Amino acid sequence: MERADFAACLQAVREKAPLVQCITNMVTVNDCANVLLAAGASATMAHHPLEVAEAVAGVQALVLNLGAVGDREAMYIAGREANRLGVPVVFDPVAAGFTGLRRETARKLLEEIRFAVIRGNASEILALAEDREGGSGVDVAAADTVTESGLPRAAELAQTLSRRTGAVVVLSGAVDVVADGRQALFLRNGSPTMARITGSGCMLSALTGAFCGACPDKPFEAAATAAASIALAGERAEELRLQKGTGNATFRIDLIDSVFNLTVERLIQGVRYEIYQG
Amino acid sequence: MERADFAACLQAVREKAPLVQCITNMVTVNDCANVLLAAGASATMAHHPLEVAEAVAGVQALVLNLGAVGDREAMYIAGREANRLGVPVVFDPVAAGFTGLRRETARKLLEEIRFAVIRGNASEILALAEDREGGSGVDVAAADTVTESGLPRAAELAQTLSRRTGAVVVLSGAVDVVADGRQALFLRNGSPTMARITGSGCMLSALTGAFCGACPDKPFEAAATAAASIALAGERAEELRLQKGTGNATFRIDLIDSVFNLTVERLIQGVRYEIYQG
Amino acid sequence: MERADFAACLQAVREKAPLVQCITNMVTVNDCANVLLAAGASATMAHHPLEVAEAVAGVQALVLNLGAVGDREAMYIAGREANRLGVPVVFDPVAAGFTGLRRETARKLLEEIRFAVIRGNASEILALAEDREGGSGVDVAAADTVTESGLPRAAELAQTLSRRTGAVVVLSGAVDVVADGRQALFLRNGSPTMARITGSGCMLSALTGAFCGACPDKPFEAAATAAASIALAGERAEELRLQKGTGNATFRIDLIDSVFNLTVERLIQGVRYEIYQG
């Protein structure tokens, strides 16, 4: 993946303004809608089982967020219809290993739906890859945190899940890993305060929907550009936080603003990534 | 409608602090509550079918937002009780033409409930007026956008729906149209960034509830003043955005702040409107 | 309670980073999660009846918010499991006297669950103590507002409810009353704009969960420190509001930021409290 591919994906979102449907949790649903609008996309959060199939027919991407596990019937319906219509589907396995209900729902979603991208933290990707328990709620478990020396193992984990599911896999952390069956990439942008707000992960998944909607034939590039975009926005928001002495609530606002103000130039200049030589 | 009527409506909200009940969607519910508090009103978001009728007895206005289509039973119950008690009811037909479930729910609400005000974008008002499909989710469809030359047709559309329903109709857009069966008014305030946040429309509908609750005998004036208030707040938020170089997330905060800080003087001086000479 | 106890409780939250599960309403759920993260705690908002018992096993505190009355089955299940496991449970009786459904749910929760802390405004605490109707939605009724001369009566009311339930009772208002069966304390921090945002009370209840999770053996000190922390944050946010000329939306952001930036030193120096000599 070249720097020009990042530029092309961001430009495609700005030009096509894809409409993204999110079946997502109430905690961060407002942030997901606003970050989509910030990026230049549109949002619909329709999630009633009686309307989601019809809604899917009018959108460019669908995002299923396991935090909305109470809406799992709507997710099955919408996901199947999206597959039938060729609408790309993103899966965010929020707290996938936390409870039996989530493990079971995640398993069924992976069986029934073909995902373009799966995006989660290390605990969540492990829960899917190994169908195991774990993760402390929505946060990554300390034991699962990926360190520099653990990156190759994380890349291989993501690639294994990618080969099994056919989806591009994004494992988010201090370094983000983006992988499909053939390649993997490490993204070294971001800021520590992203872990001090709720919704960093949900917003990235929503954005991934926007980028997949704009670039449906390039899910790897789309997922990487979404991750780079929010991570660069996080860096800018961190600068502002340190300048202003503000806290996590202002950071959350500045993060969305920085997606709004992100330019192709800043993306190309700012993205720090390397191809995994596995 | 005179400039003094705008002033009187805003003062009434500040003096009476009406309690407004919103059965509304989870995406923007927090913004709706905070903008009501900003205006000097109070908010309750009670929406359980087993308590909404009882709640209605304690409020000054009720707002039904079709984005909460999953709560339609609660909407029918609350709306009927509000009609029985003489509590004004505002309807926001969010994405009314987007799915069959929404069209059917909107139709039933219009059949069963007498609304004081119906407020939507052009696609939504068209969907109600012509009982037709359309609209891309929550946003106005490009083909429905009202241009300067289309304003007379928009005014007549709003008046037609008003005559059929007995409600004041507000068609929101770059120019807002406020109409009842006898008169129509064009409001020329607002800012383009209002379309780059989620909730501009929902917040206006919530505010319309507050103004109707404070001025129950003047739904036309109440609806026009609500629309003018948030549009002026939008202008102030836009000024701040351009000054500060911020984005849509800060704009959303500044929009609510500007409702909080709106004075009667600024409203009277800032409102730009004209009576439609149909 | 000594100043050093406030310091110890805040330090415990920072060091232990307790995971707090909130079954809470959609209006303020995002604020509750972000204020928990601001304080140094973690949040899970899992609320599905099929997973809450399992979730409770992984958390340090549970918060039940009556605004989520639609999730009452999940509250019964989670509350009983928390009692069984010794996880402290906080109850926020939002609008407890507003409707029959809430009165009945509150009654059943008090019968079935042992609470570590109950936190509400005067109308809500009265509704629980006297099992009576009242309160205008989520706000305190004018007739219930506690004035300076009414403080002794408020302390005795809180103590009565504490003796009946075994819970520490926090009655929030211009002056906060914290009471158990043996002692009561008046907290004189806070700011008037806290009543102009939605979620001040919900956020305090969430924080109370965090402090109880970090100091499970000291619910009185935990509840008092949570109340002092957000009230001091409110004072700082008020200073900023007056400096900047902003409104309630920026205040809400600054409030959470000020929890993020609260230091032990500022807490010790800023807290204004007195022991009730009943």
# chains A, B, ... in the order shown; residues from 1 in each chain; ligands from 1

call {"tool": "interface_residues", "arguments": {"of": "chain C", "to": "chain A", "cutoff": "10 Å", "atoms": "only C-alpha atoms", "output": "PyMOL selection string"}}
result
chain C and resi 19-21+24-55+58-59+250+252-262

call {"tool": "write_last_selection", "arguments": {"atoms": "N, CA and C atoms", "output": "compact mmCIF listing (two decimals), in the first residue's frame"}}
result
# COMPACT_ATOMS: atom_id res chain seq x y z
N LEU C 19 -13.61 -1.16 37.31
CA LEU C 19 -14.54 -1.29 36.18
C LEU C 19 -15.96 -1.20 36.74
N VAL C 20 -16.72 -0.25 36.23
CA VAL C 20 -18.06 0.02 36.74
C VAL C 20 -19.08 -0.32 35.67
N GLN C 21 -20.06 -1.13 36.03
CA GLN C 21 -21.15 -1.47 35.10
C GLN C 21 -22.35 -0.58 35.42
N THR C 24 -28.16 2.03 32.65
CA THR C 24 -28.53 3.44 32.75
C THR C 24 -29.25 3.90 31.49
N ASN C 25 -29.84 5.08 31.57
CA ASN C 25 -30.69 5.57 30.49
C ASN C 25 -29.88 6.10 29.31
N MET C 26 -30.52 6.07 28.15
CA MET C 26 -29.85 6.46 26.91
C MET C 26 -29.56 7.95 26.86
N VAL C 27 -30.23 8.75 27.68
CA VAL C 27 -30.06 10.21 27.58
C VAL C 27 -28.63 10.61 27.95
N THR C 28 -28.13 10.00 29.01
CA THR C 28 -26.85 10.46 29.56
C THR C 28 -25.80 9.36 29.60
N VAL C 29 -26.03 8.27 28.92
CA VAL C 29 -25.14 7.11 29.02
C VAL C 29 -23.73 7.44 28.54
N ASN C 30 -23.62 8.26 27.51
CA ASN C 30 -22.29 8.62 27.01
C ASN C 30 -21.53 9.46 28.04
N ASP C 31 -22.24 10.39 28.67
CA ASP C 31 -21.61 11.21 29.72
C ASP C 31 -21.17 10.35 30.89
N CYS C 32 -21.99 9.38 31.26
CA CYS C 32 -21.63 8.51 32.39
C CYS C 32 -20.35 7.74 32.08
N ALA C 33 -20.25 7.22 30.86
CA ALA C 33 -19.05 6.47 30.49
C ALA C 33 -17.83 7.40 30.48
N ASN C 34 -17.99 8.58 29.92
CA ASN C 34 -16.83 9.47 29.81
C ASN C 34 -16.41 10.04 31.16
N VAL C 35 -17.35 10.27 32.07
CA VAL C 35 -16.94 10.78 33.38
C VAL C 35 -16.25 9.68 34.18
N LEU C 36 -16.64 8.43 33.97
CA LEU C 36 -15.93 7.34 34.63
C LEU C 36 -14.49 7.27 34.12
N LEU C 37 -14.33 7.38 32.82
CA LEU C 37 -12.98 7.38 32.24
C LEU C 37 -12.19 8.61 32.70
N ALA C 38 -12.87 9.74 32.83
CA ALA C 38 -12.21 10.96 33.32
C ALA C 38 -11.65 10.74 34.72
N ALA C 39 -12.40 10.03 35.54
CA ALA C 39 -11.98 9.83 36.93
C ALA C 39 -10.86 8.80 37.06
N GLY C 40 -10.61 8.08 35.98
CA GLY C 40 -9.59 7.05 36.05
C GLY C 40 -10.17 5.65 36.18
N ALA C 41 -11.50 5.54 36.15
CA ALA C 41 -12.16 4.24 36.19
C ALA C 41 -12.42 3.75 34.77
N SER C 42 -13.00 2.55 34.66
CA SER C 42 -13.43 2.02 33.37
C SER C 42 -14.93 1.80 33.41
N ALA C 43 -15.54 1.66 32.24
CA ALA C 43 -16.99 1.57 32.17
C ALA C 43 -17.43 0.43 31.27
N THR C 44 -18.47 -0.27 31.68
CA THR C 44 -19.22 -1.13 30.76
C THR C 44 -20.69 -0.83 30.95
N MET C 45 -21.40 -0.69 29.86
CA MET C 45 -22.81 -0.36 29.92
C MET C 45 -23.67 -1.57 29.54
N ALA C 46 -23.12 -2.78 29.67
CA ALA C 46 -23.87 -4.00 29.34
C ALA C 46 -25.18 -4.02 30.13
N HIS C 47 -26.29 -4.24 29.44
CA HIS C 47 -27.58 -4.17 30.11
C HIS C 47 -28.60 -5.18 29.59
N HIS C 48 -28.12 -6.14 28.79
CA HIS C 48 -29.07 -7.13 28.29
C HIS C 48 -29.33 -8.17 29.39
N PRO C 49 -30.61 -8.50 29.62
CA PRO C 49 -30.91 -9.46 30.69
C PRO C 49 -30.14 -10.77 30.56
N LEU C 50 -29.81 -11.15 29.33
CA LEU C 50 -29.11 -12.42 29.13
C LEU C 50 -27.62 -12.35 29.40
N GLU C 51 -27.09 -11.16 29.72
CA GLU C 51 -25.65 -11.10 29.97
C GLU C 51 -25.27 -10.34 31.23
N VAL C 52 -26.24 -9.69 31.87
CA VAL C 52 -25.82 -8.82 32.98
C VAL C 52 -25.26 -9.59 34.17
N ALA C 53 -25.79 -10.77 34.45
CA ALA C 53 -25.27 -11.50 35.61
C ALA C 53 -23.81 -11.87 35.37
N GLU C 54 -23.52 -12.34 34.17
CA GLU C 54 -22.15 -12.69 33.82
C GLU C 54 -21.23 -11.47 33.86
N ALA C 55 -21.74 -10.34 33.37
CA ALA C 55 -20.95 -9.12 33.37
C ALA C 55 -20.61 -8.71 34.80
N GLY C 58 -17.46 -9.63 36.53
CA GLY C 58 -16.18 -9.05 36.14
C GLY C 58 -15.99 -7.60 36.54
N VAL C 59 -16.92 -7.04 37.30
CA VAL C 59 -16.83 -5.61 37.59
C VAL C 59 -16.61 -5.36 39.09
N THR C 250 -20.92 23.78 26.66
CA THR C 250 -19.49 23.84 27.00
C THR C 250 -19.28 23.51 28.48
N ARG C 252 -20.89 21.38 30.23
CA ARG C 252 -20.91 19.91 30.36
C ARG C 252 -19.55 19.31 29.98
N ILE C 253 -18.94 19.83 28.93
CA ILE C 253 -17.62 19.35 28.52
C ILE C 253 -16.58 19.71 29.58
N ASP C 254 -16.65 20.95 30.06
CA ASP C 254 -15.67 21.40 31.06
C ASP C 254 -15.84 20.67 32.38
N LEU C 255 -17.07 20.27 32.67
CA LEU C 255 -17.32 19.51 33.91
C LEU C 255 -16.58 18.17 33.87
N ILE C 256 -16.70 17.46 32.76
CA ILE C 256 -16.02 16.16 32.64
C ILE C 256 -14.51 16.38 32.60
N ASP C 257 -14.07 17.37 31.84
CA ASP C 257 -12.63 17.72 31.83
C ASP C 257 -12.10 18.00 33.23
N SER C 258 -12.91 18.66 34.05
CA SER C 258 -12.45 19.04 35.38
C SER C 258 -12.39 17.85 36.32
N VAL C 259 -13.19 16.83 36.05
CA VAL C 259 -13.02 15.56 36.78
C VAL C 259 -11.70 14.92 36.34
N PHE C 260 -11.45 14.96 35.04
CA PHE C 260 -10.19 14.43 34.48
C PHE C 260 -8.99 15.10 35.14
N ASN C 261 -9.06 16.40 35.33
CA ASN C 261 -7.92 17.18 35.82
C ASN C 261 -7.91 17.39 37.33
N LEU C 262 -8.89 16.84 38.02
CA LEU C 262 -8.95 17.03 39.48
C LEU C 262 -7.76 16.36 40.15

call {"tool": "residues_around", "arguments": {"residues": "region 234-236 of chain C", "least_positions_apart": "4", "cutoff": "8 Å", "atoms": "only C-alpha atoms", "output": "CSV table (one decimal) with N, CA and C atoms, in the first residue's frame"}}
result
chain,number,residue,atom,x,y,z
C,189,ASN,N,-20.1,22.4,48.1
C,189,ASN,CA,-19.5,22.7,46.8
C,189,ASN,C,-20.6,22.6,45.7
C,190,GLY,N,-20.2,23.0,44.5
C,190,GLY,CA,-21.1,22.8,43.3
C,190,GLY,C,-21.3,24.2,42.6
C,191,SER,N,-22.2,24.1,41.6
C,191,SER,CA,-22.5,25.4,40.8
C,191,SER,C,-23.9,25.3,40.3
C,193,THR,N,-25.1,26.0,37.4
C,193,THR,CA,-25.2,25.5,36.0
C,193,THR,C,-25.3,24.0,35.9
C,194,MET,N,-24.9,23.3,37.0
C,194,MET,CA,-25.1,21.8,37.0
C,194,MET,C,-26.6,21.5,36.8
C,230,ILE,N,-17.3,15.8,41.9
C,230,ILE,CA,-18.1,16.4,40.8
C,230,ILE,C,-18.5,17.8,41.1
C,240,LEU,N,-14.9,28.7,34.3
C,240,LEU,CA,-14.6,28.7,32.9
C,240,LEU,C,-15.7,29.3,32.1
C,254,ASP,N,-16.6,21.0,30.1
C,254,ASP,CA,-15.7,21.4,31.1
C,254,ASP,C,-15.8,20.7,32.4
C,255,LEU,N,-17.1,20.3,32.7
C,255,LEU,CA,-17.3,19.5,33.9
C,255,LEU,C,-16.6,18.2,33.9
C,258,SER,N,-12.9,18.7,34.0
C,258,SER,CA,-12.5,19.0,35.4
C,258,SER,C,-12.4,17.8,36.3

call {"tool": "select_by_dssp", "arguments": {"residues": "region 114-268 of chain A", "states": "strand (DSSP E)", "output": "PyMOL selection string"}}
result
chain A and resi 117-121+168-172+176-179+184-187

call {"tool": "select_by_dssp", "arguments": {"residues": "region 145-258 of chain C", "states": "helix (DSSP H, G or I)", "output": "ChimeraX atom specification"}}
result
/C:148-165,192-196,200-214,219-244,248-258

call {"tool": "residues_around", "arguments": {"residues": "Glu156 (chain A)", "least_positions_apart": "6", "cutoff": "10 Å", "atoms": "only C-alpha atoms", "output": "VMD selection string"}}
result
chain A and resid 162 177 179 to 181 183 to 184 276 278

call {"tool": "write_last_selection", "arguments": {"atoms": "C-alpha atoms", "output": "short mmCIF file (atom, residue, chain, number, x, y, z; two decimals), in the first residue's frame"}}
result
data_model
loop_
_atom_site.label_atom_id
_atom_site.label_comp_id
_atom_site.auth_asym_id
_atom_site.auth_seq_id
_atom_site.Cartn_x
_atom_site.Cartn_y
_atom_site.Cartn_z
CA SER A 162 -8.64 -12.91 7.93
CA VAL A 177 -2.40 -3.88 12.65
CA ALA A 179 -4.16 -7.53 7.68
CA ASP A 180 -5.69 -9.68 5.02
CA GLY A 181 -4.63 -13.16 3.95
CA GLN A 183 -0.34 -8.80 3.63
CA ALA A 184 -0.17 -6.91 6.89
CA TYR A 276 4.98 -6.35 7.85
CA GLY A 278 6.27 -11.74 7.90
#

call {"tool": "decode", "arguments": {"residues": "region 161-186 of chain B", "atoms": "N, CA and C atoms", "output": "compact mmCIF listing (two decimals), in the first residue's frame"}}
result
# COMPACT_ATOMS: atom_id res chain seq x y z
N LEU B 161 -50.40 20.39 3.46
CA LEU B 161 -50.31 19.45 4.59
C LEU B 161 -50.95 20.05 5.84
N SER B 162 -50.80 21.36 6.01
CA SER B 162 -51.40 22.02 7.16
C SER B 162 -52.92 21.93 7.11
N ARG B 163 -53.48 22.16 5.96
CA ARG B 163 -54.95 22.11 5.85
C ARG B 163 -55.46 20.70 6.10
N ARG B 164 -54.70 19.72 5.64
CA ARG B 164 -55.15 18.34 5.81
C ARG B 164 -55.07 17.90 7.26
N THR B 165 -54.06 18.41 8.00
CA THR B 165 -53.80 17.89 9.34
C THR B 165 -54.23 18.85 10.45
N GLY B 166 -54.42 20.11 10.11
CA GLY B 166 -54.70 21.09 11.15
C GLY B 166 -53.46 21.55 11.89
N ALA B 167 -52.30 21.02 11.53
CA ALA B 167 -51.06 21.40 12.22
C ALA B 167 -50.36 22.54 11.49
N VAL B 168 -49.65 23.36 12.24
CA VAL B 168 -48.66 24.24 11.63
C VAL B 168 -47.57 23.35 11.05
N VAL B 169 -47.11 23.66 9.85
CA VAL B 169 -46.07 22.84 9.21
C VAL B 169 -44.80 23.67 9.06
N VAL B 170 -43.69 23.10 9.52
CA VAL B 170 -42.39 23.74 9.34
C VAL B 170 -41.56 22.85 8.41
N LEU B 171 -41.19 23.41 7.27
CA LEU B 171 -40.35 22.71 6.31
C LEU B 171 -38.96 23.34 6.43
N SER B 172 -38.03 22.59 7.02
CA SER B 172 -36.70 23.13 7.31
C SER B 172 -35.78 22.99 6.11
N GLY B 173 -34.95 23.98 5.92
CA GLY B 173 -33.96 23.94 4.84
C GLY B 173 -33.09 25.17 4.93
N ALA B 174 -32.38 25.47 3.86
CA ALA B 174 -31.57 26.69 3.84
C ALA B 174 -32.47 27.89 4.16
N VAL B 175 -33.68 27.88 3.60
CA VAL B 175 -34.75 28.79 4.04
C VAL B 175 -35.81 27.92 4.71
N ASP B 176 -36.24 28.30 5.90
CA ASP B 176 -37.30 27.55 6.56
C ASP B 176 -38.65 28.12 6.15
N VAL B 177 -39.60 27.22 5.90
CA VAL B 177 -40.96 27.64 5.58
C VAL B 177 -41.85 27.27 6.77
N VAL B 178 -42.60 28.25 7.26
CA VAL B 178 -43.56 28.00 8.35
C VAL B 178 -44.94 28.32 7.79
N ALA B 179 -45.87 27.38 7.91
CA ALA B 179 -47.16 27.59 7.27
C ALA B 179 -48.30 27.02 8.08
N ASP B 180 -49.43 27.70 8.03
CA ASP B 180 -50.67 27.06 8.43
C ASP B 180 -51.64 27.22 7.26
N GLY B 181 -52.91 26.99 7.48
CA GLY B 181 -53.85 27.02 6.35
C GLY B 181 -54.04 28.41 5.77
N ARG B 182 -53.72 29.46 6.55
CA ARG B 182 -54.00 30.82 6.10
C ARG B 182 -52.76 31.61 5.69
N GLN B 183 -51.61 31.26 6.25
CA GLN B 183 -50.44 32.10 6.05
C GLN B 183 -49.17 31.24 5.93
N ALA B 184 -48.15 31.86 5.38
CA ALA B 184 -46.84 31.20 5.33
C ALA B 184 -45.76 32.26 5.47
N LEU B 185 -44.63 31.82 5.97
CA LEU B 185 -43.54 32.74 6.30
C LEU B 185 -42.23 32.06 5.93
N PHE B 186 -41.30 32.83 5.38
CA PHE B 186 -39.97 32.32 5.05
C PHE B 186 -38.97 32.88 6.05
